[in-house]
Amino acid sequence: MTHTATEAPPAERRRRAGGGGRRWGLLGCGVALVPPAALLVVRLTGLDAGTPLAMPMVFFPWTTVIGVLVLLLMAAVPALRSRWALAGAAALVIAHAVLLAPRFLPDGPQVPERAVELRVATLNTDGGAADAQAVVRLVRTERIDVLAVQQMPPGGVEALDRAGLGALLPHQELHPEYDSSVYSRLPIGEAGTTRADTAWPQTVAEVAVGGRSVRFVAVHTYYPLGSPERWTRDMAALTSLARRAGPDTVFLGDFNASLDHTPMRDLLSAGLTDTHAELGHGWAPTWPVGRALLPAVVQLDHVLHGPGLAGVSVGERTVPGTDHRAVVAVLALLPEKDGERSRSS
């Protein structure tokens, strides 16, 4: 006598298929949430300092977007509405939002009317590949007072000179033999390079404006991909410089760091303010540019200032030839009674 297996009714087959689809769907959501969860742990513990984890940390804001999309998907698809999964995804998104929100909320001090303003810019020239004529147009159009350039070799300095930059910014502290230089429309006082423990000296120049002397540090650190330990030491050296600096100080350049990196947050805690975050422009990718299919995805270039100044405006400008966007900022000098007095050196 033969026995035939009883075939499951259609409704039962659909239920089983639905259960399998639900499991696979939730598994896919869980896998998608691994990067935001992992980077959240790194962000909270500071594990990026001096380790290869510094590289993926630049994508922290992007993983926040992933978390939001997964949460919306789980809420919209009935089969994925697991109470525990939704709660976990929501907690992850909220944690990211708490960390990111301050940089999107303007919090700078009130700038008095008729405050003296400085128009500054920074540009990594990519080894002098930036179009010299475009740099001069940027300086002229934006009426730049102080320009910091990084990765500027002697040939790049000569190209800018031929393009007429000297007529606009005649006061110069040039150190192409190291890396960075400072150009100024205003007279430069004390200037030179730092002796800090950085991969190469950073160029420093004091500019007289409004009866005050504003100290500029043209920054270019080592890059984490080459050596996260060397990059961390560079950032620590800058933090030490910032702690000894007075309130009228501007650090600007290519920090090879985002606001989510622990060494950058340490630098800011030394008394500096990121102009983008101060004005609520907390996600302004500046690298890489000039690639056909790849947009700028990370913010490596910053204008940081001491408590004697306040941000008025900030933005990015594309300069042909280089893989970094220029950052242009307007800073106002606060009355001395509102600014922090000079710290002990």
# chains A, B, ... in the order shown; residues from 1 in each chain; ligands from 1
$ closest_atom_pairs --of "region 142-216 of chain A" --to "region 235-255 of chain A" --cutoff "9 Å" --atoms "only C-alpha atoms" --output "JSON lines"
{"residue": "A:Ala148", "atom": "CA", "partner": "A:Gly253", "partner_atom": "CA", "distance": 6.7}
{"residue": "A:Val149", "atom": "CA", "partner": "A:Gly253", "partner_atom": "CA", "distance": 7.3}
{"residue": "A:Gln150", "atom": "CA", "partner": "A:Gly253", "partner_atom": "CA", "distance": 7.0}
{"residue": "A:Ser180", "atom": "CA", "partner": "A:Gly253", "partner_atom": "CA", "distance": 8.8}
{"residue": "A:Thr194", "atom": "CA", "partner": "A:Leu241", "partner_atom": "CA", "distance": 8.9}
{"residue": "A:Ala196", "atom": "CA", "partner": "A:Ala237", "partner_atom": "CA", "distance": 5.8}
{"residue": "A:Asp197", "atom": "CA", "partner": "A:Ala237", "partner_atom": "CA", "distance": 5.6}
{"residue": "A:Thr198", "atom": "CA", "partner": "A:Ala237", "partner_atom": "CA", "distance": 6.4}
{"residue": "A:Glu206", "atom": "CA", "partner": "A:Thr249", "partner_atom": "CA", "distance": 8.9}
{"residue": "A:Arg212", "atom": "CA", "partner": "A:Asp248", "partner_atom": "CA", "distance": 8.0}
{"residue": "A:Ser213", "atom": "CA", "partner": "A:Asp248", "partner_atom": "CA", "distance": 7.1}
{"residue": "A:Val214", "atom": "CA", "partner": "A:Asp248", "partner_atom": "CA", "distance": 5.0}
{"residue": "A:Arg215", "atom": "CA", "partner": "A:Thr249", "partner_atom": "CA", "distance": 4.7}
{"residue": "A:Phe216", "atom": "CA", "partner": "A:Val250", "partner_atom": "CA", "distance": 4.8}
$ write_last_selection --atoms "C-alpha atoms" --output "PDB file, in the first residue's frame"
ATOM      1  CA  ALA A 148      46.092  79.789   3.659  1.00  0.00           C
ATOM      2  CA  VAL A 149      47.278  77.230   1.113  1.00  0.00           C
ATOM      3  CA  GLN A 150      48.476  73.687   1.691  1.00  0.00           C
ATOM      4  CA  SER A 180      51.782  75.511   3.763  1.00  0.00           C
ATOM      5  CA  THR A 194      55.884  75.974  14.399  1.00  0.00           C
ATOM      6  CA  ALA A 196      55.473  71.381  17.291  1.00  0.00           C
ATOM      7  CA  ASP A 197      55.617  67.607  16.908  1.00  0.00           C
ATOM      8  CA  THR A 198      53.943  67.505  13.507  1.00  0.00           C
ATOM      9  CA  GLU A 206      50.131  87.305  12.805  1.00  0.00           C
ATOM     10  CA  ARG A 212      44.467  93.663  17.316  1.00  0.00           C
ATOM     11  CA  SER A 213      46.870  90.982  16.202  1.00  0.00           C
ATOM     12  CA  VAL A 214      45.173  87.832  14.884  1.00  0.00           C
ATOM     13  CA  ARG A 215      47.378  84.751  14.775  1.00  0.00           C
ATOM     14  CA  PHE A 216      46.836  82.420  11.810  1.00  0.00           C
TER      15      PHE A 216
END
$ residues_around --residues "Leu333 (chain A)" --least-positions-apart "2" --cutoff "7 Å" --atoms "only C-alpha atoms" --output "JSON list (two decimals) with N, CA and C atoms, in the first residue's frame"
[["chain", "number", "residue", "atom", "x", "y", "z"],
["A", 115, "ALA", "N", 31.23, 95.55, 13.77],
["A", 115, "ALA", "CA", 32.40, 94.78, 14.21],
["A", 115, "ALA", "C", 33.37, 94.64, 13.04],
["A", 116, "VAL", "N", 34.64, 94.69, 13.34],
["A", 116, "VAL", "CA", 35.66, 94.50, 12.31],
["A", 116, "VAL", "C", 35.60, 93.05, 11.82],
["A", 117, "GLU", "N", 35.59, 92.88, 10.50],
["A", 117, "GLU", "CA", 35.48, 91.54, 9.93],
["A", 117, "GLU", "C", 36.73, 91.17, 9.13],
["A", 308, "GLY", "N", 37.93, 85.01, 20.74],
["A", 308, "GLY", "CA", 37.95, 86.44, 20.43],
["A", 308, "GLY", "C", 37.28, 86.77, 19.12],
["A", 309, "LEU", "N", 36.89, 85.75, 18.36],
["A", 309, "LEU", "CA", 36.24, 85.96, 17.08],
["A", 309, "LEU", "C", 34.94, 85.17, 17.02],
["A", 310, "ALA", "N", 34.12, 85.50, 16.03],
["A", 310, "ALA", "CA", 32.86, 84.79, 15.83],
["A", 310, "ALA", "C", 32.62, 84.65, 14.33],
["A", 331, "LEU", "N", 34.91, 86.17, 9.49],
["A", 331, "LEU", "CA", 35.00, 86.16, 10.95],
["A", 331, "LEU", "C", 34.97, 87.59, 11.46],
["A", 335, "PRO", "N", 34.26, 92.43, 20.69],
["A", 335, "PRO", "CA", 34.86, 93.39, 21.61],
["A", 335, "PRO", "C", 35.69, 92.67, 22.66]]
$ residues_around --residues "Gly50 (chain A)" --least-positions-apart "6" --cutoff "9 Å" --atoms "only C-alpha atoms" --output "PyMOL selection string"
chain A and resi 224+227-233+263
$ residues_around --residues "Glu158 (chain A)" --least-positions-apart "6" --cutoff "12 Å" --atoms "only C-alpha atoms" --output "list in words"
Gly128, Ala132, Met152, Gly164, Leu165, Gly166, Leu174 and Pro176 of chain A
$ write_last_selection --atoms "N, CA, C and O atoms" --output "CSV table (one decimal), in the first residue's frame"
chain,number,residue,atom,x,y,z
A,128,GLY,N,50.0,71.9,-5.8
A,128,GLY,CA,50.2,73.0,-6.8
A,128,GLY,C,49.4,72.8,-8.0
A,128,GLY,O,49.5,73.6,-9.0
A,132,ALA,N,45.8,78.4,-11.0
A,132,ALA,CA,46.3,79.6,-10.4
A,132,ALA,C,45.4,80.8,-10.7
A,132,ALA,O,45.1,81.6,-9.8
A,152,MET,N,51.5,73.2,-1.3
A,152,MET,CA,51.9,74.2,-2.3
A,152,MET,C,53.5,74.2,-2.5
A,152,MET,O,54.2,74.7,-1.6
A,164,GLY,N,49.1,86.8,-10.6
A,164,GLY,CA,48.8,88.1,-10.0
A,164,GLY,C,48.3,88.1,-8.6
A,164,GLY,O,47.8,89.1,-8.1
A,165,LEU,N,48.5,87.0,-7.9
A,165,LEU,CA,48.1,87.0,-6.5
A,165,LEU,C,48.7,88.0,-5.6
A,165,LEU,O,48.1,88.6,-4.7
A,166,GLY,N,50.0,88.3,-5.9
A,166,GLY,CA,50.7,89.3,-5.1
A,166,GLY,C,50.1,90.7,-5.1
A,166,GLY,O,50.3,91.4,-4.2
A,174,LEU,N,55.8,82.5,3.1
A,174,LEU,CA,55.8,81.4,2.2
A,174,LEU,C,56.8,80.3,2.6
A,174,LEU,O,57.9,80.6,2.9
A,176,PRO,N,57.0,76.9,0.9
A,176,PRO,CA,56.8,75.7,0.1
A,176,PRO,C,57.7,74.6,0.3
A,176,PRO,O,57.4,73.4,0.0
$ closest_residue --among "A:Thr45, A:Thr64, A:Thr221, A:Gln151" --to "Ala89 (chain A)" --atoms "only C-alpha atoms"
A:Thr64
$ select_by_dssp --residues "region 13-122 of chain A" --states "helix (DSSP H, G or I)" --output "ChimeraX atom specification"
/A:13-32,34-45,54-57,60-76,78-80,83-104
$ residues_around --residues "Pro170 (chain A)" --least-positions-apart "6" --cutoff "8 Å" --atoms "only C-alpha atoms" --output "list in words"
Tyr183, Ser184 and Arg185 of chain A
$ closest_residue --among "A:Ala130, A:Ala332, A:Val135, A:Ala218" --to "Glu173 (chain A)" --atoms "only C-alpha atoms"
A:Ala218
$ closest_residue --among "A:Glu113, A:Asp179, A:Glu142, A:Asp266" --to "Gly127 (chain A)" --atoms "only C-alpha atoms"
A:Asp179
$ residues_around --residues "region 76-78 of chain A" --least-positions-apart "6" --cutoff "10 Å" --atoms "only C-alpha atoms" --output "ChimeraX atom specification"
/A:22,25,70
$ write_last_selection --atoms "N, CA and C atoms" --output "tab-separated table (two decimals), in the first residue's frame"
chain	number	residue	atom	x	y	z
A	22	ARG	N	9.84	37.39	6.13
A	22	ARG	CA	9.99	38.29	7.28
A	22	ARG	C	11.36	38.12	7.93
A	25	GLY	N	13.96	39.56	5.69
A	25	GLY	CA	13.87	41.01	5.71
A	25	GLY	C	14.47	41.62	6.96
A	70	VAL	N	16.62	52.61	7.15
A	70	VAL	CA	16.21	51.29	7.65
A	70	VAL	C	15.03	51.43	8.60
$ residues_around --residues "Thr286 (chain A)" --least-positions-apart "5" --cutoff "6 Å" --atoms "only C-alpha atoms" --output "CSV table (one decimal) with N, CA and C atoms, in the first residue's frame"
chain,number,residue,atom,x,y,z
A,296,ALA,N,32.0,65.0,-3.5
A,296,ALA,CA,32.7,65.2,-2.2
A,296,ALA,C,31.8,64.5,-1.2
A,299,GLN,N,34.3,65.9,5.0
A,299,GLN,CA,34.7,67.3,5.4
A,299,GLN,C,36.1,67.2,6.1
A,324,HIS,N,40.4,69.2,-3.4
A,324,HIS,CA,39.7,69.8,-2.3
A,324,HIS,C,38.9,71.0,-2.7
A,325,ARG,N,37.8,71.2,-2.0
A,325,ARG,CA,37.1,72.5,-2.1
A,325,ARG,C,37.7,73.5,-1.2
$ closest_atom_pairs --of "region 247-269 of chain A" --to "region 52-62 of chain A" --cutoff "8 Å" --atoms "only C-alpha atoms" --output "JSON lines"
{"residue": "A:Ala257", "atom": "CA", "partner": "A:Val58", "partner_atom": "CA", "distance": 7.5}
{"residue": "A:Ser258", "atom": "CA", "partner": "A:Val58", "partner_atom": "CA", "distance": 6.0}
{"residue": "A:Asp260", "atom": "CA", "partner": "A:Met57", "partner_atom": "CA", "distance": 6.8}
{"residue": "A:His261", "atom": "CA", "partner": "A:Met57", "partner_atom": "CA", "distance": 6.7}
$ write_last_selection --atoms "all heavy atoms" --output "tab-separated table (two decimals), in the first residue's frame"
chain	number	residue	atom	x	y	z
A	257	ALA	N	40.63	65.49	9.00
A	257	ALA	CA	39.79	65.05	10.11
A	257	ALA	C	38.40	65.65	9.97
A	257	ALA	O	38.25	66.79	9.49
A	257	ALA	CB	40.39	65.45	11.45
A	258	SER	N	37.41	64.89	10.38
A	258	SER	CA	36.04	65.40	10.43
A	258	SER	C	35.69	65.73	11.88
A	258	SER	O	36.46	65.45	12.81
A	258	SER	CB	35.07	64.34	9.90
A	258	SER	OG	34.92	63.29	10.84
A	260	ASP	N	33.74	64.27	13.68
A	260	ASP	CA	33.46	63.04	14.43
A	260	ASP	C	34.72	62.34	14.91
A	260	ASP	O	34.63	61.39	15.68
A	260	ASP	CB	32.62	62.09	13.58
A	260	ASP	CG	31.26	62.68	13.25
A	260	ASP	OD1	30.51	62.97	14.19
A	260	ASP	OD2	30.97	62.88	12.06
A	261	HIS	N	35.87	62.80	14.49
A	261	HIS	CA	37.12	62.19	14.94
A	261	HIS	C	37.46	62.66	16.36
A	261	HIS	O	37.34	63.85	16.68
A	261	HIS	CB	38.27	62.57	14.01
A	261	HIS	CG	38.31	61.76	12.76
A	261	HIS	ND1	38.16	62.33	11.51
A	261	HIS	CD2	38.48	60.43	12.56
A	261	HIS	CE1	38.25	61.37	10.58
A	261	HIS	NE2	38.44	60.21	11.19
$ decode --residues "region 198-210 of chain A" --atoms "N, CA, C and O atoms" --output "PDB file, in the first residue's frame"
ATOM      1  N   THR A 198      54.763  67.859  14.655  1.00  0.00           N
ATOM      2  CA  THR A 198      53.943  67.505  13.507  1.00  0.00           C
ATOM      3  C   THR A 198      54.846  66.943  12.410  1.00  0.00           C
ATOM      4  O   THR A 198      56.059  67.130  12.432  1.00  0.00           O
ATOM      5  N   ALA A 199      54.247  66.260  11.450  1.00  0.00           N
ATOM      6  CA  ALA A 199      55.037  65.617  10.407  1.00  0.00           C
ATOM      7  C   ALA A 199      55.898  66.624   9.658  1.00  0.00           C
ATOM      8  O   ALA A 199      56.988  66.285   9.197  1.00  0.00           O
ATOM      9  N   TRP A 200      55.412  67.837   9.514  1.00  0.00           N
ATOM     10  CA  TRP A 200      56.173  68.935   8.922  1.00  0.00           C
ATOM     11  C   TRP A 200      55.733  70.217   9.624  1.00  0.00           C
ATOM     12  O   TRP A 200      54.631  70.281  10.199  1.00  0.00           O
ATOM     13  N   PRO A 201      56.550  71.262   9.624  1.00  0.00           N
ATOM     14  CA  PRO A 201      56.181  72.502  10.317  1.00  0.00           C
ATOM     15  C   PRO A 201      54.919  73.126   9.729  1.00  0.00           C
ATOM     16  O   PRO A 201      54.673  73.044   8.526  1.00  0.00           O
ATOM     17  N   GLN A 202      54.139  73.744  10.594  1.00  0.00           N
ATOM     18  CA  GLN A 202      52.951  74.471  10.177  1.00  0.00           C
ATOM     19  C   GLN A 202      53.295  75.965  10.114  1.00  0.00           C
ATOM     20  O   GLN A 202      53.961  76.487  11.009  1.00  0.00           O
ATOM     21  N   THR A 203      52.847  76.641   9.068  1.00  0.00           N
ATOM     22  CA  THR A 203      53.171  78.051   8.899  1.00  0.00           C
ATOM     23  C   THR A 203      52.265  78.919   9.760  1.00  0.00           C
ATOM     24  O   THR A 203      51.055  78.700   9.835  1.00  0.00           O
ATOM     25  N   VAL A 204      52.874  79.912  10.420  1.00  0.00           N
ATOM     26  CA  VAL A 204      52.163  80.809  11.333  1.00  0.00           C
ATOM     27  C   VAL A 204      52.411  82.249  10.907  1.00  0.00           C
ATOM     28  O   VAL A 204      53.524  82.605  10.504  1.00  0.00           O
ATOM     29  N   ALA A 205      51.385  83.082  10.981  1.00  0.00           N
ATOM     30  CA  ALA A 205      51.536  84.502  10.653  1.00  0.00           C
ATOM     31  C   ALA A 205      50.541  85.310  11.469  1.00  0.00           C
ATOM     32  O   ALA A 205      49.375  84.927  11.595  1.00  0.00           O
ATOM     33  N   GLU A 206      51.008  86.408  12.062  1.00  0.00           N
ATOM     34  CA  GLU A 206      50.131  87.305  12.805  1.00  0.00           C
ATOM     35  C   GLU A 206      49.780  88.493  11.916  1.00  0.00           C
ATOM     36  O   GLU A 206      50.649  89.132  11.328  1.00  0.00           O
ATOM     37  N   VAL A 207      48.480  88.774  11.837  1.00  0.00           N
ATOM     38  CA  VAL A 207      47.972  89.826  10.968  1.00  0.00           C
ATOM     39  C   VAL A 207      47.353  90.924  11.822  1.00  0.00           C
ATOM     40  O   VAL A 207      46.535  90.640  12.717  1.00  0.00           O
ATOM     41  N   ALA A 208      47.734  92.155  11.572  1.00  0.00           N
ATOM     42  CA  ALA A 208      47.207  93.294  12.327  1.00  0.00           C
ATOM     43  C   ALA A 208      45.887  93.740  11.718  1.00  0.00           C
ATOM     44  O   ALA A 208      45.805  94.042  10.524  1.00  0.00           O
ATOM     45  N   VAL A 209      44.836  93.783  12.543  1.00  0.00           N
ATOM     46  CA  VAL A 209      43.524  94.215  12.072  1.00  0.00           C
ATOM     47  C   VAL A 209      42.729  94.772  13.251  1.00  0.00           C
ATOM     48  O   VAL A 209      42.707  94.185  14.330  1.00  0.00           O
ATOM     49  N   GLY A 210      42.109  95.920  13.054  1.00  0.00           N
ATOM     50  CA  GLY A 210      41.266  96.514  14.091  1.00  0.00           C
ATOM     51  C   GLY A 210      41.987  96.783  15.384  1.00  0.00           C
ATOM     52  O   GLY A 210      41.392  96.677  16.465  1.00  0.00           O
TER      53      GLY A 210
END
